[in-house]
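*Asks:* Dropping in coords-v2.tsv, which is TSV, C-alpha atoms:
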```
chain	number	residue	atom	x	y	z
A	12	MET	CA	0.00	0.00	0.00
A	13	GLU	CA	1.29	3.47	-0.97
A	14	VAL	CA	0.21	6.66	0.82
A	15	LEU	CA	1.01	10.30	0.08
A	16	VAL	CA	0.70	12.77	3.00
A	17	ILE	CA	0.84	16.50	2.22
A	18	GLN	CA	1.54	19.10	4.89
A	19	GLN	CA	3.34	22.23	3.68
A	20	LYS	CA	2.64	24.58	6.55
A	21	MET	CA	4.69	25.60	9.59
A	22	ILE	CA	6.87	23.47	11.87
A	23	GLY	CA	4.15	22.70	14.41
A	24	ASP	CA	1.69	21.66	11.70
A	25	VAL	CA	4.23	19.36	10.06
A	26	LEU	CA	5.25	17.78	13.36
A	27	LEU	CA	1.66	17.05	14.39
A	28	SER	CA	0.93	15.63	10.93
A	29	THR	CA	3.53	12.92	11.51
A	30	LEU	CA	0.82	11.39	13.73
A	31	ILE	CA	-0.90	10.38	10.51
A	32	CYS	CA	2.19	8.44	9.42
A	33	LYS	CA	2.80	6.91	12.83
A	34	ASN	CA	-0.73	5.54	13.13
A	35	LEU	CA	-0.65	4.14	9.59
A	36	LYS	CA	2.67	2.36	10.17
A	37	ILE	CA	1.53	0.89	13.47
A	38	TRP	CA	-1.64	-0.33	11.76
A	39	ASN	CA	0.30	-1.80	8.82
A	40	PRO	CA	4.14	-1.68	8.90
A	41	LYS	CA	4.29	-2.60	5.21
A	42	ILE	CA	2.69	0.68	4.11
A	43	LYS	CA	5.03	2.97	2.16
A	44	ILE	CA	4.57	6.64	3.04
A	45	ASP	CA	5.71	9.70	1.08
A	46	PHE	CA	5.50	13.04	2.92
A	47	VAL	CA	5.46	16.44	1.20
A	48	ALA	CA	6.81	19.29	3.34
A	49	ASN	CA	8.42	22.70	2.99
A	50	ASN	CA	12.19	22.92	3.10
A	51	HIS	CA	12.35	24.93	6.35
A	52	THR	CA	10.41	22.26	8.29
A	53	LEU	CA	12.55	19.23	7.40
A	54	GLY	CA	14.40	19.22	10.72
A	55	VAL	CA	11.38	17.78	12.53
A	56	LEU	CA	11.05	14.96	9.99
A	57	GLU	CA	14.65	13.72	9.94
A	58	ASN	CA	15.22	10.15	11.10
A	59	ASN	CA	11.46	9.54	11.44
A	60	PRO	CA	10.91	5.76	11.12
A	61	TYR	CA	7.28	6.23	10.07
A	62	ILE	CA	8.13	8.12	6.86
A	63	ASP	CA	9.75	6.32	3.94
A	64	ASN	CA	10.38	9.28	1.64
A	65	ILE	CA	10.34	13.05	2.18
A	66	ILE	CA	9.40	15.09	-0.89
A	67	VAL	CA	10.62	18.66	-0.52
A	68	PHE	CA	8.43	21.56	-1.58
A	69	GLN	CA	11.16	24.10	-2.34
A	70	ASP	CA	10.92	27.71	-1.13
A	71	THR	CA	11.95	28.80	-4.64
A	72	PHE	CA	8.59	27.63	-6.01
A	73	LYS	CA	7.05	30.90	-4.78
A	74	ASN	CA	8.82	32.71	-7.62
A	75	ASP	CA	9.69	29.82	-9.92
A	76	LYS	CA	6.28	29.07	-11.43
A	77	LEU	CA	7.71	26.76	-14.07
A	78	GLY	CA	9.49	24.77	-11.37
A	79	LEU	CA	6.26	24.61	-9.39
A	80	ILE	CA	4.32	23.30	-12.38
A	81	LYS	CA	6.95	20.61	-13.06
A	82	PHE	CA	6.91	19.62	-9.39
A	83	ILE	CA	3.13	19.27	-9.30
A	84	LYS	CA	3.03	17.35	-12.58
A	85	SER	CA	5.68	14.93	-11.27
A	86	PHE	CA	3.04	13.34	-9.07
A	87	ARG	CA	1.51	11.82	-12.21
A	88	ASN	CA	4.53	9.47	-12.32
A	89	LYS	CA	3.52	7.42	-9.26
A	90	ARG	CA	0.31	5.72	-8.23
A	91	TYR	CA	-0.92	5.88	-4.62
A	92	ASP	CA	-3.68	4.06	-2.82
A	93	TYR	CA	-4.38	7.13	-0.68
A	94	VAL	CA	-3.57	10.83	-0.80
A	95	ILE	CA	-4.08	12.63	2.52
A	96	ASP	CA	-4.04	16.41	2.13
A	97	ALA	CA	-3.53	17.78	5.64
A	98	TYR	CA	-2.83	21.30	4.34
A	99	GLY	CA	-5.78	22.14	2.09
A	100	LYS	CA	-4.29	25.17	0.34
A	101	LEU	CA	-3.73	25.87	-3.38
A	102	GLU	CA	-0.40	24.02	-3.76
A	103	SER	CA	-1.52	20.90	-1.89
A	104	ILE	CA	-4.87	20.89	-3.69
A	105	LEU	CA	-3.06	20.97	-7.05
A	106	ILE	CA	-0.80	18.13	-5.93
A	107	THR	CA	-3.90	16.16	-4.91
A	108	ILE	CA	-5.51	16.79	-8.30
A	109	PHE	CA	-2.47	15.57	-10.24
A	110	ALA	CA	-1.65	12.65	-7.94
A	111	ARG	CA	-2.97	9.33	-9.17
A	112	ALA	CA	-4.80	7.69	-6.28
A	113	LYS	CA	-7.91	5.60	-5.62
A	114	THR	CA	-8.83	7.63	-2.56
A	115	LYS	CA	-8.19	11.32	-1.90
A	116	ILE	CA	-8.80	12.61	1.61
A	117	GLY	CA	-8.94	16.22	2.79
A	118	PHE	CA	-10.99	18.67	4.81
A	119	SER	CA	-14.34	19.55	3.32
A	120	LYS	CA	-14.66	23.03	1.83
A	121	PHE	CA	-17.05	24.31	-0.81
A	122	TYR	CA	-14.24	24.37	-3.40
A	123	THR	CA	-12.61	21.01	-2.54
A	124	ASP	CA	-15.47	18.53	-2.23
A	125	PHE	CA	-15.18	17.68	-5.92
A	126	ILE	CA	-11.43	17.02	-5.48
A	127	TYR	CA	-11.52	14.77	-2.43
A	128	ASN	CA	-13.66	11.66	-2.82
A	129	MET	CA	-13.41	11.31	0.96
A	130	PRO	CA	-14.04	14.86	2.28
A	131	ILE	CA	-13.75	15.23	6.05
A	132	LYS	CA	-15.88	17.70	7.95
A	133	ARG	CA	-13.53	19.31	10.44
A	134	ILE	CA	-14.87	19.26	14.01
A	135	LYS	CA	-15.02	22.69	15.67
A	136	SER	CA	-15.15	21.56	19.28
A	137	SER	CA	-14.82	18.40	21.32
A	138	ASN	CA	-15.40	17.18	24.84
A	139	GLN	CA	-12.17	15.20	24.63
A	140	LYS	CA	-9.07	16.44	26.43
A	141	LEU	CA	-7.01	16.43	23.24
A	142	GLN	CA	-6.33	19.70	21.43
A	143	LEU	CA	-8.13	20.24	18.14
A	144	SER	CA	-4.94	20.29	16.05
A	145	ILE	CA	-4.34	16.65	17.00
A	146	LEU	CA	-7.98	15.62	16.64
A	147	HIS	CA	-8.08	17.12	13.14
A	148	ARG	CA	-5.10	15.01	12.04
A	149	LEU	CA	-6.72	11.89	13.42
A	150	GLN	CA	-9.95	12.74	11.57
A	151	LEU	CA	-8.06	12.42	8.29
A	152	LEU	CA	-7.43	8.77	9.13
A	153	ASP	CA	-11.13	7.94	9.52
A	154	PRO	CA	-11.60	6.61	5.94
A	155	ILE	CA	-8.66	4.23	6.43
A	156	LEU	CA	-8.53	3.30	10.11
A	157	GLY	CA	-11.98	4.20	11.39
A	158	ASP	CA	-11.80	3.99	15.18
A	159	SER	CA	-8.52	2.05	15.15
A	160	ILE	CA	-6.32	4.95	16.29
A	161	ASN	CA	-3.27	3.56	18.07
A	162	THR	CA	-1.53	6.66	19.38
A	163	THR	CA	-1.95	10.40	19.91
A	164	ASP	CA	1.70	11.00	20.80
A	165	PHE	CA	3.86	12.65	18.15
A	166	GLN	CA	7.62	12.26	18.33
A	167	ILE	CA	10.91	13.69	17.12
A	168	HIS	CA	13.66	11.17	16.50
A	169	LEU	CA	17.39	11.76	17.06
A	170	THR	CA	20.26	9.68	15.77
A	171	GLN	CA	22.65	8.02	18.23
A	172	ASN	CA	25.43	10.27	16.94
A	173	GLU	CA	23.36	13.41	17.62
A	174	GLU	CA	22.66	12.22	21.16
A	175	LYS	CA	26.34	11.52	21.84
A	176	GLU	CA	27.54	14.83	20.37
A	177	ILE	CA	25.10	17.04	22.29
A	178	ALA	CA	25.82	15.20	25.55
A	179	LYS	CA	29.54	15.82	25.00
A	180	LYS	CA	28.90	19.50	24.21
A	181	PHE	CA	26.80	20.00	27.34
A	182	ASP	CA	29.47	18.36	29.53
A	183	LEU	CA	32.08	20.69	28.06
A	184	GLU	CA	30.05	23.91	28.28
A	185	LEU	CA	28.24	23.35	31.58
A	186	LYS	CA	31.09	21.59	33.41
A	187	GLY	CA	28.85	19.36	35.49
A	188	ASN	CA	26.20	22.00	36.20
A	189	LYS	CA	22.53	20.99	36.05
A	190	ASN	CA	20.85	20.87	32.67
A	191	PRO	CA	19.50	24.20	31.40
A	192	ILE	CA	16.04	25.51	30.73
A	193	MET	CA	15.30	26.57	27.15
A	194	ILE	CA	13.51	29.91	26.91
A	195	ILE	CA	11.61	30.72	23.73
A	196	ALA	CA	12.42	34.40	23.99
A	197	MET	CA	10.83	35.49	20.72
A	198	GLY	CA	7.87	34.28	18.73
A	199	SER	CA	7.83	33.97	14.94
A	200	GLY	CA	6.70	37.61	14.72
A	201	LYS	CA	5.71	40.61	16.83
A	202	ASN	CA	2.11	39.41	17.00
A	203	LYS	CA	3.29	36.21	18.68
A	204	THR	CA	5.91	37.63	21.03
A	205	TYR	CA	5.23	38.32	24.70
A	206	PRO	CA	6.47	41.81	25.70
A	207	ILE	CA	10.14	41.47	26.57
A	208	GLU	CA	9.86	43.64	29.68
A	209	TYR	CA	7.38	41.07	31.01
A	210	LEU	CA	9.50	38.15	29.84
A	211	ALA	CA	12.49	39.58	31.72
A	212	LEU	CA	10.48	39.38	34.95
A	213	LEU	CA	9.55	35.77	34.21
A	214	ILE	CA	13.16	34.86	33.50
A	215	GLU	CA	14.15	36.37	36.86
A	216	MET	CA	11.48	34.27	38.57
A	217	ALA	CA	12.71	31.18	36.73
A	218	PHE	CA	16.31	31.69	37.82
A	219	GLU	CA	15.35	32.46	41.42
A	220	THR	CA	13.21	29.30	41.51
A	221	THR	CA	15.59	26.84	39.83
A	222	ASN	CA	19.08	28.40	39.84
A	223	ALA	CA	19.45	26.60	36.52
A	224	PRO	CA	21.46	27.66	33.45
A	225	MET	CA	19.32	29.09	30.67
A	226	ILE	CA	19.41	29.15	26.88
A	227	LEU	CA	17.62	31.80	24.84
A	228	ASN	CA	16.12	30.66	21.55
A	229	TYR	CA	15.58	33.26	18.82
A	230	MET	CA	16.19	33.91	15.14
A	231	PRO	CA	19.28	35.85	13.99
A	232	ASN	CA	17.19	38.85	12.89
A	233	GLN	CA	15.85	39.13	16.45
A	234	LYS	CA	19.27	39.63	18.03
A	235	MET	CA	18.72	43.34	18.74
A	236	GLU	CA	15.61	42.58	20.80
A	237	ILE	CA	17.49	39.82	22.62
A	238	ASN	CA	20.22	42.29	23.57
A	239	ARG	CA	17.53	44.58	25.00
A	240	LEU	CA	16.09	41.68	26.95
A	241	ILE	CA	19.45	40.68	28.44
A	242	LYS	CA	20.10	44.27	29.56
A	243	MET	CA	16.93	44.08	31.67
A	244	LEU	CA	18.21	41.11	33.67
A	245	LYS	CA	20.09	41.18	36.97
A	246	PRO	CA	23.85	40.42	36.83
A	247	LYS	CA	23.50	36.89	38.29
A	248	THR	CA	20.71	36.04	35.86
A	249	LYS	CA	22.77	37.34	32.93
A	250	LYS	CA	25.57	34.97	33.92
A	251	ALA	CA	23.11	32.07	33.84
A	252	ILE	CA	22.44	32.69	30.12
A	253	GLN	CA	24.45	30.15	28.11
A	254	SER	CA	25.08	32.04	24.88
A	255	SER	CA	27.49	29.36	23.66
A	256	LEU	CA	24.58	26.92	23.53
A	257	THR	CA	22.24	29.15	21.51
A	258	PRO	CA	20.87	26.99	18.65
A	259	ASN	CA	21.85	28.09	15.14
A	260	SER	CA	19.47	25.91	13.10
A	261	LEU	CA	16.23	23.99	13.47
A	262	ARG	CA	17.97	20.66	13.93
A	263	ASP	CA	20.46	22.23	16.36
A	264	TYR	CA	17.53	23.53	18.40
A	265	ILE	CA	15.95	20.07	18.44
A	266	VAL	CA	19.16	18.37	19.57
A	267	THR	CA	19.83	21.05	22.20
A	268	VAL	CA	16.31	20.80	23.65
A	269	SER	CA	16.78	17.05	24.03
A	270	GLN	CA	19.22	17.84	26.86
A	271	CYS	CA	17.17	20.58	28.55
A	272	GLN	CA	15.02	20.28	31.67
A	273	ALA	CA	12.09	22.12	30.16
A	274	VAL	CA	11.07	24.63	27.50
A	275	ILE	CA	9.22	27.81	28.48
A	276	GLY	CA	8.15	31.01	26.72
A	277	ASN	CA	6.30	32.02	23.57
A	278	GLU	CA	3.98	29.38	22.14
A	279	GLY	CA	4.75	28.12	18.65
A	280	GLY	CA	6.65	25.46	16.75
A	281	ALA	CA	9.49	25.49	19.28
A	282	ILE	CA	7.10	24.50	22.07
A	283	ASN	CA	5.61	21.72	19.92
A	284	ILE	CA	9.09	20.39	19.24
A	285	ALA	CA	9.70	20.19	22.99
A	286	LYS	CA	6.47	18.20	23.34
A	287	GLY	CA	7.71	15.87	20.59
A	288	LEU	CA	10.79	15.27	22.74
A	289	SER	CA	8.65	14.67	25.86
A	290	LYS	CA	9.98	17.76	27.63
A	291	PRO	CA	7.86	19.72	30.14
A	292	THR	CA	6.59	22.96	28.57
A	293	PHE	CA	5.02	26.19	29.75
A	294	ALA	CA	3.67	28.23	26.84
A	295	ILE	CA	2.53	31.85	26.70
A	296	PHE	CA	-0.08	32.14	23.97
A	297	SER	CA	-0.55	35.14	21.74
A	298	PRO	CA	-3.99	36.78	22.12
A	299	ILE	CA	-4.71	35.94	18.44
A	300	ILE	CA	-4.24	32.18	18.90
A	301	ASN	CA	-7.02	30.05	20.30
A	302	PRO	CA	-5.28	27.74	22.80
A	303	TYR	CA	-8.06	25.17	22.46
A	304	GLY	CA	-6.66	24.30	19.06
A	305	TRP	CA	-3.02	23.91	20.10
A	306	HIS	CA	-2.82	23.04	23.76
A	307	THR	CA	-3.66	20.09	25.98
A	308	GLU	CA	-3.17	21.06	29.62
A	309	VAL	CA	-1.38	18.44	31.72
A	310	LYS	CA	-0.26	19.62	35.15
A	311	ASN	CA	3.53	20.00	35.45
A	312	LYS	CA	3.97	18.58	31.94
A	313	THR	CA	2.26	20.76	29.30
A	314	MET	CA	0.99	24.00	30.78
A	315	ALA	CA	0.04	27.34	29.26
A	316	VAL	CA	-1.54	30.73	29.82
A	317	HIS	CA	-3.70	32.89	27.59
A	318	LEU	CA	-5.27	36.28	28.13
A	319	ALA	CA	-8.69	34.62	27.92
A	320	ASP	CA	-7.87	32.76	31.15
A	321	TYR	CA	-8.08	36.07	32.99
A	322	PHE	CA	-10.16	38.35	30.76
A	323	PRO	CA	-12.54	36.11	28.79
A	324	GLU	CA	-14.87	39.01	28.11
A	325	ILE	CA	-12.35	40.84	25.88
A	326	ILE	CA	-11.34	37.90	23.67
A	327	ASP	CA	-13.54	36.97	20.73
A	328	PHE	CA	-11.81	34.43	18.49
A	329	LYS	CA	-14.63	34.67	15.95
A	330	ASN	CA	-13.80	38.34	15.26
A	331	LYS	CA	-10.34	37.78	13.80
A	332	ASN	CA	-10.28	40.98	11.73
A	333	ILE	CA	-10.31	43.08	14.89
A	334	ILE	CA	-8.07	40.96	17.07
A	335	LYS	CA	-5.29	40.71	14.48
A	336	LYS	CA	-4.63	44.44	14.25
A	337	THR	CA	-1.07	44.98	15.49
A	338	ALA	CA	-1.88	47.88	17.83
A	339	ARG	CA	-4.75	45.92	19.29
A	340	ILE	CA	-2.55	42.86	19.90
A	341	LYS	CA	0.07	44.92	21.73
A	342	THR	CA	-2.60	46.37	24.00
A	343	LEU	CA	-3.98	42.90	24.70
A	344	TYR	CA	-0.53	41.45	25.39
A	345	LEU	CA	0.16	44.19	27.94
A	346	LYS	CA	-2.90	43.09	29.90
A	347	LEU	CA	-1.34	39.66	30.43
A	348	GLU	CA	0.92	40.82	33.25
A	349	PRO	CA	3.29	38.27	34.86
A	350	LYS	CA	1.64	38.76	38.25
A	351	LEU	CA	-1.53	37.16	36.87
A	352	PHE	CA	0.11	33.77	36.47
A	353	LYS	CA	3.16	34.15	38.75
A	354	GLN	CA	2.20	31.29	41.05
A	355	LYS	CA	1.39	28.93	38.19
A	356	TRP	CA	4.77	29.76	36.59
A	357	ILE	CA	6.69	29.17	39.82
A	358	ASN	CA	4.82	25.98	40.70
A	359	PHE	CA	5.65	24.54	37.27
A	360	LEU	CA	9.35	25.34	37.72
A	361	LYS	CA	9.46	23.91	41.23
A	362	GLU	CA	8.36	20.53	39.87
A	363	LEU	CA	11.23	20.22	37.39
```
Show me the file's structure as structure tokens.

*Replies:*
Amino acid sequence: MEVLVIQQKMIGDVLLSTLICKNLKIWNPKIKIDFVANNHTLGVLENNPYIDNIIVFQDTFKNDKLGLIKFIKSFRNKRYDYVIDAYGKLESILITIFARAKTKIGFSKFYTDFIYNMPIKRIKSSNQKLQLSILHRLQLLDPILGDSINTTDFQIHLTQNEEKEIAKKFDLELKGNKNPIMIIAMGSGKNKTYPIEYLALLIEMAFETTNAPMILNYMPNQKMEINRLIKMLKPKTKKAIQSSLTPNSLRDYIVTVSQCQAVIGNEGGAINIAKGLSKPTFAIFSPIINPYGWHTEVKNKTMAVHLADYFPEIIDFKNKNIIKKTARIKTLYLKLEPKLFKQKWINFLKEL
């Protein structure tokens, strides 16, 4: 049996979509699975035993229309039993159209029901404890597995060499000190980044509570903001920051987190990666993100805060046009003061 899974979105989306592959392989180890993903997300797919072949959707296709057309047409060269479109956007829909398959599965929309012969109506709420982003992936397996779902745990897989090298690096840099805490200091953009003056207070609380070394995770173009953040910290806390262990790539981040006690800070792909490595996480959600879709609260394991926890009357996820205005988001973020969740933050850290 041959299956094509398409998920070209962000890191968290790709990682959670590996659940599709994992469940299929557990159900039938002989299944061959191809997985289409964007180039910048490949780090979370490396060494995954549930994927036989990764097909890279190149970033250059955004401008190289001829290359994009050739790529899409290439799917006519192989026959699949199933195509599972977990993305549901123009590129993945075109791939689904050109792919030769008996069964094509995707989420039901008015413009896709003639493309997928197994359209799935996405559930909007559930009384289950699982977050919607996981439940939606499992829904895509309904036409194949029905109720025979074997696992809801997604994983990231390291090589033995990666594990040995990062352990050696930590021994050298930390000189026997306790393992560090990874801090997601910056989100993927301003609309997903907790105010750094607030984050500085949380970092101080974290150091006072654990006395642990800390690593700041951020992108190179965010370095100026990171410098501002570090200047806000007390001298002892500054010394706890392990700049030599700052990750410089997606895979480096993954390997580094594998040796950390926990991952805390801005919610996003970095937090989902930590979950895939079974690390305790504490996420601070942006006001524009509905945590019900991306978070499953488990005490002392996967915890989070959102402005709606404290001011439910001012958050309306249905009115996205208003909530996504930058000025509005900044105002909302400033309402989520550290004092609101100070005890929850400290209690989480005490349990590490």

*Asks:* Restricting the calculation to all atoms listed in the file, which member of A:Phe293, A:Tyr127, A:Phe82, A:Tyr205 is positioned closest to Met193 (chain A)?

*Replies:* A:Phe293

*Asks:* Write out as a tab-separated table the residues of region 260-337 of chain A that have any atom within 9 Å of an atom of region 227-236 of chain A, one row each with the nearest atom pair and its distance in Å to one decimal, counting all atoms listed in the file, sorted by chain and then rising number.

*Replies:*
```
residue	atom	partner	partner_atom	distance
A:Ser260	CA	A:Met230	CA	8.9
A:Tyr264	CA	A:Asn228	CA	7.9
A:Ala281	CA	A:Asn228	CA	8.7
```

*Asks:* Asp24 (chain A): which residues within 9 Å, counting all atoms listed in the file, same-chain residues fewer than 6 positions away excluded, as a PDB file with C-alpha atoms, in the coordinates of the input?

*Replies:*
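Result file is part16.pdb:
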```
ATOM      1  CA  GLN A  18       1.540  19.100   4.890  1.00  0.00           C
ATOM      2  CA  ALA A  97      -3.530  17.780   5.640  1.00  0.00           C
ATOM      3  CA  TYR A  98      -2.830  21.300   4.340  1.00  0.00           C
ATOM      4  CA  SER A 144      -4.940  20.290  16.050  1.00  0.00           C
ATOM      5  CA  GLY A 280       6.650  25.460  16.750  1.00  0.00           C
TER       6      GLY A 280
END
```

*Asks:* Identify which of the residues A:Leu288, A:Leu27, A:Ile207, A:Met225 lies closest to Trp305 (chain A), counting all atoms listed in the file when measuring atom-to-atom distances.

*Replies:*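 Closest to Trp305 (chain A) of all the choices is A:Leu27.
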
*Asks:* Name the closest residue to Leu151 (chain A) among the candidates A:Asn138, A:Ser119, A:Thr292, A:Ser199; distances are taken between atoms, counting all atoms listed in the file.

*Replies:*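 With all atoms listed in the file as the atom set, the closest residue is A:Ser119.
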
*Asks:* Could you please determine the separation between CA of Thr307 (chain A) and CA of Thr162 (chain A) in Å, to one decimal place?

*Replies:*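 Distance between the two atoms: 15.1 Å.
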
*Asks:* Can you take the partial region 249-264 of chain A, add N, CA and C atoms, and return it as an mmCIF file, in the frame of the given file?

*Replies:*
```cif
data_model
loop_
_atom_site.group_PDB
_atom_site.id
_atom_site.type_symbol
_atom_site.label_atom_id
_atom_site.label_comp_id
_atom_site.auth_asym_id
_atom_site.auth_seq_id
_atom_site.Cartn_x
_atom_site.Cartn_y
_atom_site.Cartn_z
ATOM 1 N N LYS A 249 22.037 37.230 34.204
ATOM 2 C CA LYS A 249 22.770 37.340 32.930
ATOM 3 C C LYS A 249 23.828 36.247 32.821
ATOM 4 N N LYS A 250 24.520 35.978 33.933
ATOM 5 C CA LYS A 250 25.570 34.970 33.920
ATOM 6 C C LYS A 250 25.014 33.566 33.682
ATOM 7 N N ALA A 251 23.738 33.387 34.027
ATOM 8 C CA ALA A 251 23.110 32.070 33.840
ATOM 9 C C ALA A 251 22.776 31.792 32.372
ATOM 10 N N ILE A 252 22.747 32.854 31.545
ATOM 11 C CA ILE A 252 22.440 32.690 30.120
ATOM 12 C C ILE A 252 23.621 32.048 29.404
ATOM 13 N N GLN A 253 23.385 30.906 28.802
ATOM 14 C CA GLN A 253 24.450 30.150 28.110
ATOM 15 C C GLN A 253 24.445 30.488 26.620
ATOM 16 N N SER A 254 25.097 31.590 26.273
ATOM 17 C CA SER A 254 25.080 32.040 24.880
ATOM 18 C C SER A 254 25.802 31.068 23.951
ATOM 19 N N SER A 255 26.749 30.317 24.496
ATOM 20 C CA SER A 255 27.490 29.360 23.660
ATOM 21 C C SER A 255 26.622 28.188 23.223
ATOM 22 N N LEU A 256 25.478 28.016 23.877
ATOM 23 C CA LEU A 256 24.580 26.920 23.530
ATOM 24 C C LEU A 256 23.363 27.375 22.723
ATOM 25 N N THR A 257 23.343 28.645 22.324
ATOM 26 C CA THR A 257 22.240 29.150 21.510
ATOM 27 C C THR A 257 22.142 28.379 20.201
ATOM 28 N N PRO A 258 21.001 27.771 19.895
ATOM 29 C CA PRO A 258 20.870 26.990 18.650
ATOM 30 C C PRO A 258 21.030 27.874 17.415
ATOM 31 N N ASN A 259 21.645 27.314 16.366
ATOM 32 C CA ASN A 259 21.850 28.090 15.140
ATOM 33 C C ASN A 259 21.117 27.501 13.934
ATOM 34 N N SER A 260 20.285 26.492 14.174
ATOM 35 C CA SER A 260 19.470 25.910 13.100
ATOM 36 C C SER A 260 18.326 25.142 13.749
ATOM 37 N N LEU A 261 17.367 24.737 12.943
ATOM 38 C CA LEU A 261 16.230 23.990 13.470
ATOM 39 C C LEU A 261 16.684 22.680 14.095
ATOM 40 N N ARG A 262 17.520 21.947 13.393
ATOM 41 C CA ARG A 262 17.970 20.660 13.930
ATOM 42 C C ARG A 262 18.838 20.867 15.172
ATOM 43 N N ASP A 263 19.644 21.925 15.190
ATOM 44 C CA ASP A 263 20.460 22.230 16.360
ATOM 45 C C ASP A 263 19.571 22.532 17.561
ATOM 46 N N TYR A 264 18.488 23.254 17.315
ATOM 47 C CA TYR A 264 17.530 23.530 18.400
ATOM 48 C C TYR A 264 16.951 22.225 18.936
#
```
